[in-house]
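K.L.:
What follows is query_36.csv; its format and atoms are CSV, C-alpha atoms.
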```
chain,number,residue,atom,x,y,z
A,1,MET,CA,166.0,-117.2,-148.7
A,2,THR,CA,166.5,-117.1,-152.5
A,3,THR,CA,168.2,-120.0,-154.1
A,4,ALA,CA,170.9,-119.0,-156.5
A,5,ILE,CA,170.3,-119.8,-160.1
A,6,ARG,CA,172.6,-122.6,-161.2
A,7,LYS,CA,175.0,-122.1,-164.2
A,8,ILE,CA,175.2,-125.3,-166.2
A,9,ILE,CA,177.3,-125.9,-169.3
A,10,HIS,CA,176.9,-128.8,-171.7
A,11,ILE,CA,179.9,-129.4,-174.0
A,12,ASP,CA,179.4,-131.7,-177.0
A,13,MET,CA,182.2,-132.4,-179.5
A,14,ASP,CA,181.2,-132.1,-183.1
A,15,ALA,CA,181.1,-135.5,-184.9
A,16,PHE,CA,183.9,-136.5,-182.6
A,17,TYR,CA,185.3,-139.7,-184.0
A,18,ALA,CA,184.9,-138.7,-187.6
A,19,SER,CA,186.4,-135.2,-186.9
A,20,VAL,CA,189.5,-136.9,-185.2
A,21,GLU,CA,190.0,-139.0,-188.4
A,22,GLN,CA,189.7,-135.9,-190.6
A,23,ARG,CA,192.1,-134.0,-188.4
A,24,ASP,CA,194.7,-136.8,-188.5
A,25,ASN,CA,194.3,-137.6,-192.2
A,26,PRO,CA,194.1,-134.5,-194.4
A,27,GLU,CA,192.9,-136.6,-197.4
A,28,LEU,CA,189.6,-137.2,-195.5
A,29,ARG,CA,188.8,-133.5,-194.9
A,30,GLY,CA,185.7,-132.3,-196.7
A,31,LYS,CA,184.7,-135.8,-197.6
A,32,PRO,CA,181.9,-138.1,-196.3
A,33,VAL,CA,183.5,-140.3,-193.6
A,34,ALA,CA,182.0,-143.1,-191.5
A,35,VAL,CA,183.8,-144.5,-188.6
A,36,GLY,CA,183.0,-148.2,-188.3
A,37,GLY,CA,183.1,-151.5,-190.2
A,38,SER,CA,182.4,-151.6,-194.0
A,39,ARG,CA,181.7,-155.3,-194.0
A,40,ALA,CA,178.2,-156.6,-194.7
A,41,ARG,CA,177.4,-156.8,-191.0
A,42,GLY,CA,179.2,-153.6,-190.0
A,43,VAL,CA,177.6,-150.6,-188.3
A,44,VAL,CA,178.4,-146.9,-188.5
A,45,ALA,CA,179.7,-145.7,-185.1
A,46,ALA,CA,180.0,-142.1,-186.2
A,47,ALA,CA,179.6,-140.0,-189.4
A,48,SER,CA,181.1,-136.8,-190.5
A,49,TYR,CA,178.9,-133.8,-191.3
A,50,GLU,CA,179.6,-134.4,-195.0
A,51,ALA,CA,178.2,-137.9,-194.6
A,52,ARG,CA,175.2,-136.8,-192.6
A,53,GLN,CA,174.0,-134.7,-195.6
A,54,TYR,CA,173.3,-138.1,-197.3
A,55,GLY,CA,171.4,-139.4,-194.3
A,56,VAL,CA,174.2,-141.4,-192.9
A,57,HIS,CA,174.2,-141.5,-189.1
A,58,SER,CA,175.4,-143.6,-186.1
A,59,ALA,CA,173.8,-147.0,-185.6
A,60,LEU,CA,173.0,-147.3,-189.4
A,61,ALA,CA,173.9,-150.6,-191.0
A,62,SER,CA,177.0,-150.1,-193.2
A,63,ARG,CA,175.3,-151.7,-196.2
A,64,ILE,CA,172.5,-149.1,-196.0
A,65,ALA,CA,175.0,-146.3,-195.4
A,66,ILE,CA,176.9,-147.1,-198.6
A,67,GLN,CA,173.6,-147.2,-200.5
A,68,LYS,CA,172.7,-143.7,-199.3
A,69,CYS,CA,176.2,-142.4,-200.0
A,70,PRO,CA,178.2,-144.4,-202.6
A,71,ASN,CA,181.3,-142.3,-202.0
A,72,LEU,CA,181.3,-142.9,-198.3
A,73,ILE,CA,184.8,-143.6,-196.9
A,74,PHE,CA,184.9,-146.1,-194.0
A,75,VAL,CA,187.6,-145.7,-191.4
A,76,LYS,CA,188.4,-148.3,-188.7
A,77,PRO,CA,187.9,-146.9,-185.2
A,78,ARG,CA,190.9,-145.9,-183.2
A,79,PHE,CA,189.3,-146.0,-179.8
A,80,GLU,CA,192.5,-145.6,-177.9
A,81,VAL,CA,193.1,-142.3,-179.7
A,82,TYR,CA,189.5,-141.0,-179.0
A,83,SER,CA,189.9,-142.0,-175.3
A,84,ALA,CA,193.2,-140.1,-175.0
A,85,ILE,CA,191.7,-137.0,-176.6
A,86,SER,CA,188.7,-137.2,-174.3
A,87,ARG,CA,191.0,-137.2,-171.3
A,88,GLN,CA,192.8,-134.2,-172.7
A,89,ILE,CA,189.5,-132.3,-173.1
A,90,ARG,CA,188.4,-133.3,-169.6
A,91,GLU,CA,191.6,-131.7,-168.2
A,92,ILE,CA,190.4,-128.4,-169.8
A,93,PHE,CA,187.1,-128.8,-168.0
A,94,TYR,CA,188.8,-129.3,-164.6
A,95,ARG,CA,190.6,-126.0,-165.0
A,96,TYR,CA,187.3,-124.4,-164.3
A,97,THR,CA,185.4,-126.8,-162.0
A,98,ASP,CA,185.6,-130.2,-160.4
A,99,LEU,CA,181.8,-130.6,-161.0
A,100,VAL,CA,182.2,-132.4,-164.3
A,101,GLU,CA,179.8,-135.2,-165.3
A,102,PRO,CA,181.0,-137.0,-168.4
A,103,LEU,CA,178.1,-138.6,-170.4
A,104,SER,CA,180.4,-140.3,-173.0
A,105,LEU,CA,183.8,-139.7,-174.5
A,106,ASP,CA,182.6,-136.6,-176.4
A,107,GLU,CA,180.2,-134.8,-174.1
A,108,ALA,CA,179.9,-133.7,-170.5
A,109,TYR,CA,178.0,-131.4,-168.1
A,110,LEU,CA,179.8,-128.8,-166.0
A,111,ASP,CA,178.4,-126.9,-163.0
A,112,VAL,CA,180.2,-123.5,-162.9
A,113,THR,CA,177.9,-121.8,-160.5
A,114,GLU,CA,181.0,-121.6,-158.3
A,115,ASN,CA,184.2,-122.1,-160.3
A,116,LYS,CA,188.0,-122.1,-159.8
A,117,VAL,CA,188.6,-118.9,-161.8
A,118,GLY,CA,186.0,-116.8,-160.1
A,119,MET,CA,184.3,-116.0,-163.3
A,120,PRO,CA,180.6,-114.9,-162.9
A,121,SER,CA,179.7,-115.5,-166.5
A,122,ALA,CA,179.1,-119.1,-167.6
A,123,SER,CA,178.9,-117.9,-171.2
A,124,ILE,CA,182.5,-116.6,-171.0
A,125,ILE,CA,183.7,-119.9,-169.4
A,126,ALA,CA,182.0,-121.9,-172.2
A,127,LYS,CA,183.6,-119.8,-174.9
A,128,GLU,CA,187.0,-120.1,-173.3
A,129,ILE,CA,186.6,-123.9,-173.1
A,130,LYS,CA,185.6,-124.1,-176.7
A,131,ALA,CA,188.6,-122.0,-177.7
A,132,SER,CA,191.0,-124.1,-175.6
A,133,ILE,CA,189.7,-127.3,-177.1
A,134,LEU,CA,190.2,-125.9,-180.6
A,135,THR,CA,193.7,-124.7,-179.8
A,136,GLU,CA,194.9,-127.8,-178.0
A,137,THR,CA,193.2,-130.5,-180.0
A,138,GLY,CA,192.4,-128.9,-183.3
A,139,LEU,CA,188.7,-130.0,-182.9
A,140,THR,CA,185.5,-128.0,-182.5
A,141,ALA,CA,182.9,-128.3,-179.8
A,142,SER,CA,179.4,-126.9,-179.3
A,143,ALA,CA,178.3,-125.5,-176.0
A,144,GLY,CA,174.9,-124.9,-174.4
A,145,VAL,CA,174.6,-122.8,-171.3
A,146,SER,CA,171.5,-122.6,-169.1
A,147,PHE,CA,170.2,-123.0,-165.5
A,148,ASN,CA,169.6,-126.7,-165.7
A,149,LYS,CA,170.9,-129.8,-167.4
A,150,PHE,CA,168.0,-130.4,-169.7
A,151,LEU,CA,168.1,-126.9,-171.2
A,152,ALA,CA,171.9,-126.9,-171.4
A,153,LYS,CA,171.8,-130.2,-173.4
A,154,ILE,CA,169.1,-128.9,-175.7
A,155,ALA,CA,171.0,-125.6,-176.2
A,156,SER,CA,174.3,-127.4,-177.2
A,157,ASP,CA,172.5,-129.1,-180.1
A,158,LEU,CA,170.8,-126.0,-181.6
A,159,ASN,CA,173.7,-124.5,-183.6
A,160,LYS,CA,176.0,-127.3,-184.3
A,161,PRO,CA,178.8,-127.5,-185.4
A,162,ASN,CA,181.0,-125.2,-183.5
A,163,GLY,CA,177.9,-123.6,-181.9
A,164,PHE,CA,177.2,-121.7,-178.8
A,165,THR,CA,173.7,-121.1,-177.3
A,166,LEU,CA,172.6,-119.4,-174.1
A,167,VAL,CA,169.1,-120.1,-172.7
A,168,THR,CA,168.2,-117.6,-170.1
A,169,PRO,CA,165.3,-118.1,-167.6
A,170,ASP,CA,163.1,-115.5,-169.5
A,171,LYS,CA,163.6,-117.4,-172.8
A,172,ALA,CA,163.4,-121.0,-171.6
A,173,ALA,CA,159.6,-121.5,-171.6
A,174,ALA,CA,159.2,-120.2,-175.2
A,175,LEU,CA,162.1,-122.3,-176.5
A,176,VAL,CA,160.8,-125.5,-175.0
A,177,ALA,CA,157.2,-124.8,-176.2
A,178,SER,CA,158.4,-124.4,-179.8
A,179,LEU,CA,160.7,-127.4,-179.7
A,180,PRO,CA,159.7,-130.4,-181.8
A,181,ILE,CA,159.1,-133.3,-179.5
A,182,GLU,CA,161.7,-135.5,-181.2
A,183,LYS,CA,164.3,-132.9,-180.2
A,184,PHE,CA,163.7,-133.4,-176.5
A,185,HIS,CA,166.6,-135.1,-174.7
A,186,GLY,CA,165.2,-138.2,-173.1
A,187,ILE,CA,162.5,-138.8,-175.8
A,188,GLY,CA,163.6,-141.4,-178.3
A,189,LYS,CA,162.2,-142.2,-181.7
A,190,VAL,CA,159.7,-144.7,-180.5
A,191,THR,CA,158.3,-142.5,-177.7
A,192,ALA,CA,158.3,-139.5,-180.1
A,193,ALA,CA,156.2,-141.5,-182.6
A,194,LYS,CA,153.8,-142.5,-179.8
A,195,MET,CA,153.5,-138.9,-178.7
A,196,GLN,CA,152.8,-137.7,-182.2
A,197,GLN,CA,150.0,-140.3,-182.5
A,198,LEU,CA,148.5,-138.8,-179.4
A,199,GLY,CA,148.7,-135.3,-180.9
A,200,ILE,CA,151.8,-134.2,-179.0
A,201,SER,CA,154.2,-132.7,-181.6
A,202,THR,CA,155.8,-129.9,-179.7
A,203,GLY,CA,156.8,-128.8,-176.2
A,204,ALA,CA,153.6,-126.7,-176.1
A,205,ASP,CA,151.5,-129.8,-176.8
A,206,LEU,CA,153.3,-131.7,-174.1
A,207,ARG,CA,152.7,-128.9,-171.6
A,208,GLU,CA,149.0,-129.2,-172.1
A,209,ARG,CA,148.9,-132.7,-170.7
A,210,SER,CA,148.5,-133.3,-167.0
A,211,GLU,CA,151.0,-135.2,-164.9
A,212,GLU,CA,148.4,-137.9,-164.2
A,213,GLU,CA,147.8,-138.5,-167.9
A,214,LEU,CA,151.5,-138.6,-168.7
A,215,PHE,CA,152.1,-141.0,-165.8
A,216,ARG,CA,149.3,-143.3,-167.1
A,217,LEU,CA,150.8,-143.2,-170.7
A,218,PHE,CA,154.5,-143.4,-169.9
A,219,GLY,CA,154.9,-144.5,-166.3
A,220,LYS,CA,157.4,-142.8,-164.1
A,221,THR,CA,159.2,-141.3,-167.1
A,222,GLY,CA,155.9,-139.4,-167.8
A,223,GLN,CA,156.5,-137.4,-164.6
A,224,TYR,CA,159.9,-136.4,-166.1
A,225,TYR,CA,158.2,-135.3,-169.3
A,226,TYR,CA,155.8,-133.3,-167.3
A,227,ARG,CA,158.6,-131.4,-165.5
A,228,ILE,CA,160.8,-130.7,-168.6
A,229,ALA,CA,157.8,-129.3,-170.5
A,230,ARG,CA,157.7,-126.7,-167.7
A,231,VAL,CA,161.6,-126.3,-167.8
A,232,GLN,CA,161.9,-127.9,-164.4
A,233,ASP,CA,165.0,-130.1,-163.9
A,234,ASP,CA,166.7,-130.2,-160.5
A,235,ARG,CA,169.1,-133.0,-161.3
A,236,PRO,CA,172.6,-132.1,-160.0
A,237,VAL,CA,175.8,-132.5,-162.0
A,238,GLN,CA,177.3,-135.7,-160.6
A,239,PRO,CA,181.1,-135.9,-160.9
A,240,HIS,CA,181.6,-139.3,-159.2
A,241,ARG,CA,179.4,-142.2,-160.1
A,242,ILE,CA,180.7,-145.7,-159.4
A,243,ARG,CA,178.9,-147.9,-161.8
A,244,LYS,CA,178.2,-151.6,-161.0
A,245,SER,CA,177.0,-152.3,-164.5
A,246,ILE,CA,177.2,-150.7,-168.0
A,247,GLY,CA,174.6,-151.2,-170.7
A,248,SER,CA,173.0,-150.0,-173.9
A,249,GLU,CA,169.7,-151.0,-175.5
A,250,ARG,CA,167.5,-150.0,-178.4
A,251,THR,CA,163.8,-150.3,-179.2
A,252,PHE,CA,163.1,-150.7,-182.9
A,253,ASP,CA,160.5,-149.0,-185.0
A,254,VAL,CA,160.0,-152.4,-186.8
A,255,ASP,CA,160.3,-155.7,-185.0
A,256,LEU,CA,163.4,-157.7,-186.1
A,257,VAL,CA,163.2,-161.2,-187.3
A,258,GLN,CA,166.3,-162.0,-189.4
A,259,GLU,CA,169.6,-163.0,-187.7
A,260,GLU,CA,171.6,-160.6,-189.9
A,261,ASP,CA,169.5,-157.6,-188.7
A,262,LEU,CA,169.8,-158.6,-185.1
A,263,LEU,CA,173.6,-159.0,-185.4
A,264,ASP,CA,173.8,-155.5,-187.1
A,265,LYS,CA,172.2,-153.9,-184.0
A,266,LEU,CA,174.1,-156.1,-181.6
A,267,GLN,CA,177.4,-155.0,-183.1
A,268,PHE,CA,176.5,-151.3,-182.6
A,269,LEU,CA,175.4,-151.9,-179.0
A,270,ALA,CA,178.7,-153.7,-178.3
A,271,GLN,CA,180.5,-150.6,-179.6
A,272,GLU,CA,178.5,-148.3,-177.4
A,273,VAL,CA,179.1,-150.4,-174.2
A,274,ALA,CA,182.8,-150.7,-175.0
A,275,GLN,CA,183.1,-147.0,-175.4
A,276,ASP,CA,181.6,-146.5,-172.0
A,277,MET,CA,183.9,-149.1,-170.5
A,278,ALA,CA,186.9,-147.3,-171.9
A,279,ARG,CA,185.7,-144.0,-170.6
A,280,LEU,CA,185.3,-145.5,-167.1
A,281,GLN,CA,188.6,-147.4,-167.4
A,282,THR,CA,186.9,-150.7,-166.6
A,283,ALA,CA,186.6,-154.3,-167.8
A,284,ALA,CA,183.9,-156.9,-167.2
A,285,LYS,CA,183.5,-160.6,-166.6
A,286,THR,CA,179.7,-160.9,-167.0
A,287,VAL,CA,177.8,-160.1,-170.2
A,288,THR,CA,174.0,-160.1,-170.3
A,289,LEU,CA,171.8,-160.0,-173.4
A,290,LYS,CA,168.3,-158.6,-173.1
A,291,LEU,CA,165.5,-159.5,-175.5
A,292,LYS,CA,162.1,-158.0,-175.5
A,293,TYR,CA,159.7,-159.6,-178.0
A,294,PHE,CA,156.8,-158.2,-180.0
A,295,ASP,CA,154.3,-159.1,-177.3
A,296,PHE,CA,156.4,-157.3,-174.6
A,297,THR,CA,157.6,-160.5,-173.0
A,298,GLN,CA,161.2,-160.2,-171.9
A,299,GLN,CA,164.2,-162.6,-171.7
A,300,THR,CA,167.8,-162.2,-170.5
A,301,ARG,CA,170.7,-164.5,-171.2
A,302,SER,CA,174.0,-164.1,-169.3
A,303,LYS,CA,177.5,-165.5,-169.3
A,304,THR,CA,180.3,-165.0,-166.8
A,305,LEU,CA,183.8,-165.4,-168.3
A,306,LEU,CA,187.0,-166.7,-166.8
A,307,SER,CA,188.8,-163.5,-167.7
A,308,TYR,CA,187.9,-159.8,-168.2
A,309,LEU,CA,187.0,-158.3,-171.5
A,310,ASN,CA,186.8,-154.6,-172.6
A,311,SER,CA,186.9,-154.6,-176.4
A,312,SER,CA,183.8,-154.2,-178.7
A,313,ASP,CA,184.9,-157.2,-180.7
A,314,ALA,CA,185.2,-159.5,-177.7
A,315,LEU,CA,181.9,-158.2,-176.3
A,316,PHE,CA,180.1,-158.7,-179.7
A,317,THR,CA,181.4,-162.3,-179.9
A,318,VAL,CA,180.0,-163.2,-176.4
A,319,ALA,CA,176.7,-161.4,-177.2
A,320,ARG,CA,176.4,-163.1,-180.5
A,321,ASP,CA,176.9,-166.5,-178.8
A,322,LEU,CA,174.2,-165.6,-176.3
A,323,LEU,CA,171.8,-164.6,-179.1
A,324,ARG,CA,172.3,-168.1,-180.6
A,325,THR,CA,172.3,-170.1,-177.4
A,326,PRO,CA,170.2,-172.1,-176.7
A,327,ALA,CA,168.6,-170.9,-180.0
A,328,LEU,CA,168.0,-167.8,-182.0
A,329,PRO,CA,164.9,-165.9,-180.9
A,330,LEU,CA,161.7,-167.6,-182.1
A,331,TYR,CA,159.6,-164.4,-182.1
A,332,PRO,CA,160.0,-160.9,-183.6
A,333,VAL,CA,162.3,-158.8,-181.4
A,334,ARG,CA,161.3,-155.2,-180.5
A,335,LEU,CA,164.1,-154.4,-178.1
A,336,LEU,CA,167.7,-155.6,-177.9
A,337,GLY,CA,170.2,-154.7,-175.2
A,338,ILE,CA,173.7,-155.6,-173.9
A,339,SER,CA,175.0,-154.9,-170.4
A,340,VAL,CA,178.2,-155.9,-168.6
A,341,SER,CA,178.7,-156.3,-164.9
A,342,ASN,CA,181.2,-157.9,-162.4
A,343,LEU,CA,183.4,-154.9,-163.2
A,344,LEU,CA,187.1,-154.3,-162.6
A,345,TYR,CA,188.3,-150.7,-162.6
A,346,ALA,CA,191.8,-149.8,-163.6
A,347,HIS,CA,192.5,-147.9,-160.3
A,348,ASP,CA,191.6,-151.1,-158.4
A,349,GLN,CA,194.3,-153.1,-160.2
A,350,PRO,CA,198.0,-152.1,-159.8
A,351,VAL,CA,199.0,-154.0,-162.9
A,352,SER,CA,196.2,-154.1,-165.4
A,353,ARG,CA,197.7,-155.1,-168.7
A,354,GLN,CA,194.3,-156.5,-169.7
A,355,LEU,CA,192.8,-153.0,-169.7
A,356,THR,CA,194.2,-152.0,-173.1
A,357,PHE,CA,190.9,-150.9,-174.4
A,358,ASP,CA,191.4,-152.1,-178.0
A,359,PHE,CA,188.4,-151.3,-180.1
```
If you convert what's in this file into structure tokens, what do you get?

P.N.:
Amino acid sequence: MTTAIRKIIHIDMDAFYASVEQRDNPELRGKPVAVGGSRARGVVAAASYEARQYGVHSALASRIAIQKCPNLIFVKPRFEVYSAISRQIREIFYRYTDLVEPLSLDEAYLDVTENKVGMPSASIIAKEIKASILTETGLTASAGVSFNKFLAKIASDLNKPNGFTLVTPDKAAALVASLPIEKFHGIGKVTAAKMQQLGISTGADLRERSEEELFRLFGKTGQYYYRIARVQDDRPVQPHRIRKSIGSERTFDVDLVQEEDLLDKLQFLAQEVAQDMARLQTAAKTVTLKLKYFDFTQQTRSKTLLSYLNSSDALFTVARDLLRTPALPLYPVRLLGISVSNLLYAHDQPVSRQLTFDF
């Protein structure tokens, strides 16, 4: 019995937060815009394409961003607006399928192998979705279409902004082979640098390595690398995932020592976690700070609050206190992470005024 080829779409909004600000304020159109705080310890949450031309990107410290682009315009995030638009976009997805897996406010996977409109072509569905998003929100999205999640994700990034890319089974192996290793979804900057040191610069190089070698070098994740180099990805689109915790962490190219640098990264992580909390319509009582030092030793510090929090400012305040208690890290930090648990979902609380999701 032959298994039907899956039809997976990955939709990724183009510079979502910055594009919303440019849409709503005509004076910002065509100008370099950064969503985030402009203060000394601020962090860029999102950058317009005009700003990206100067090397401004998300997670960049605001003080560095302004050095790269002196004309950069900082805009305070309006997270409640982004969340509302995200729900509007998701309703468009549900016109075609209930198999929608949101990854964040601005991107999602859709499985349209079988769909509500009886459309045999995933490409046509993706183009219709892009057109509907533009008509109904005034924003552009990029779409990738393929037979698994990994390839659909890669495809959506190839022709941004407002792009569309189809990767068919006969083209997949060649595309992955030619892809720079840093473009692989699931391979971060630190891992990409390690791979390049090992002589792995492209998908073709990765495909030359055995599963045993990749497992030895990268642990269980190495087995994932082995499979995606061969365009193998059987992960299903998962529409319903009840999360018991939400977190974000970063490994740094250079170990951090100064408190100011640690707080810069901490603020960005707090923004990321708050974004996911808003997307999932949840709040949390427990905050955990994760520290991994230069020698790979690890430490966690946690605090459980009397009331729920959901804003990035509140989360950053608690995480900052954890960083300083009982004392600032004594050793260089190579990884920093924030996670929240003890969650309360909006649908579990009839009256949930605390779930305002202020950003």

K.L.:
Within 7 Å of Gly144 in chain A, counting only C-alpha atoms, which residues qualify if same-chain residues fewer than 4 places away don't, as a ChimeraX atom specification?

P.N.:
/A:9-11,152-153,155-156,164-166

K.L.:
Listing only residues of range 44-146 of chain A within 6 Å of range 228-241 of chain A, what is the closest atom pair and its distance in Å (to one decimal) for each, using all atoms listed in the file, sorted by chain and residue number ascending, as a Markdown table?

P.N.:
```
| residue | atom | partner | partner_atom | distance |
| --- | --- | --- | --- | --- |
| A:Leu99 | CA | A:Pro239 | CA | 5.3 |
| A:Val100 | CA | A:Pro239 | CA | 5.0 |
| A:Glu101 | CA | A:Pro239 | CA | 4.6 |
```

K.L.:
Around (163.8, -161.8, -178.2) in the file's own coordinates, what residues are found within 8 Å if you use all atoms listed in the file, given back as a PyMOL selection string?

P.N.:
chain A and resi 290-293+298-299+329-336

K.L.:
The selected residues should be written to file as a short mmCIF file (atom, residue, chain, number, x, y, z; two decimals), in the frame of the given file (atoms: C-alpha atoms).

P.N.:
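Wrote selection-v8.cif, looks like this:
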```
data_model
loop_
_atom_site.label_atom_id
_atom_site.label_comp_id
_atom_site.auth_asym_id
_atom_site.auth_seq_id
_atom_site.Cartn_x
_atom_site.Cartn_y
_atom_site.Cartn_z
CA LYS A 290 168.30 -158.60 -173.10
CA LEU A 291 165.50 -159.50 -175.50
CA LYS A 292 162.10 -158.00 -175.50
CA TYR A 293 159.70 -159.60 -178.00
CA GLN A 298 161.20 -160.20 -171.90
CA GLN A 299 164.20 -162.60 -171.70
CA PRO A 329 164.90 -165.90 -180.90
CA LEU A 330 161.70 -167.60 -182.10
CA TYR A 331 159.60 -164.40 -182.10
CA PRO A 332 160.00 -160.90 -183.60
CA VAL A 333 162.30 -158.80 -181.40
CA ARG A 334 161.30 -155.20 -180.50
CA LEU A 335 164.10 -154.40 -178.10
CA LEU A 336 167.70 -155.60 -177.90
#
```

K.L.:
When distances are computed from only C-alpha atoms, which of A:Pro180, A:Gly199, A:Gly42, A:Gly138 shows the smallest separation from Ala65 in chain A?

P.N.:
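Checking each of A:Pro180, A:Gly199, A:Gly42, A:Gly138 against Ala65 in chain A, counting only C-alpha atoms, the winner is A:Gly42.
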
K.L.:
Just give me the gap between CA of Ala174 in chain A and CA of Ala122 in chain A in Å, one decimal is fine.

P.N.:
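Between these atoms lies a distance of 21.3 Å.
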
K.L.:
If we count all atoms listed in the file, what is near range 48-60 of chain A at a cut-off of 8 Å, once residues fewer than 6 positions away on the same chain are taken out, given as a list in words?

P.N.:
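Using all atoms listed in the file, the neighbours found are Ala15, Ala18, Ser19, Gly30, Lys31, Pro32, Val33, Ala34, Lys68, Cys69, Leu72, Lys265 and Phe268 of chain A.
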
K.L.:
Given all atoms listed in the file as the basis, pick out the residue of A:Leu266, A:Ala172, A:Asn159, A:Asp255 nearest to Asp295 in chain A.

P.N.:
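Among the listed residues, A:Asp255 lies closest to Asp295 in chain A.
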
K.L.:
Within 9 Å of Lys244 in chain A, counting all atoms listed in the file, which residues show up once you throw out same-chain ones fewer than 2 positions away? Write them as a PyMOL selection string, please.

P.N.:
chain A and resi 242+246+340-343

K.L.:
May I ask which of the residues A:Asn310, A:Thr251, A:Ser201, A:Thr221 is the closest one to Lys189 in chain A, counting all atoms listed in the file?

P.N.:
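Checking each candidate against Lys189 in chain A, we get A:Thr251 as the closest.
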
K.L.:
Could you jot down the CA of Arg23 in chain A to CA of Thr97 in chain A separation for me, Å, one decimal place?

P.N.:
28.2 Å

K.L.:
Measuring between all atoms listed in the file, which one of A:Val117, A:Ala314, A:Thr135, A:Asp111 shows the shortest distance to Gln88 in chain A?

P.N.:
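Closest to Gln88 in chain A of all the choices is A:Thr135.
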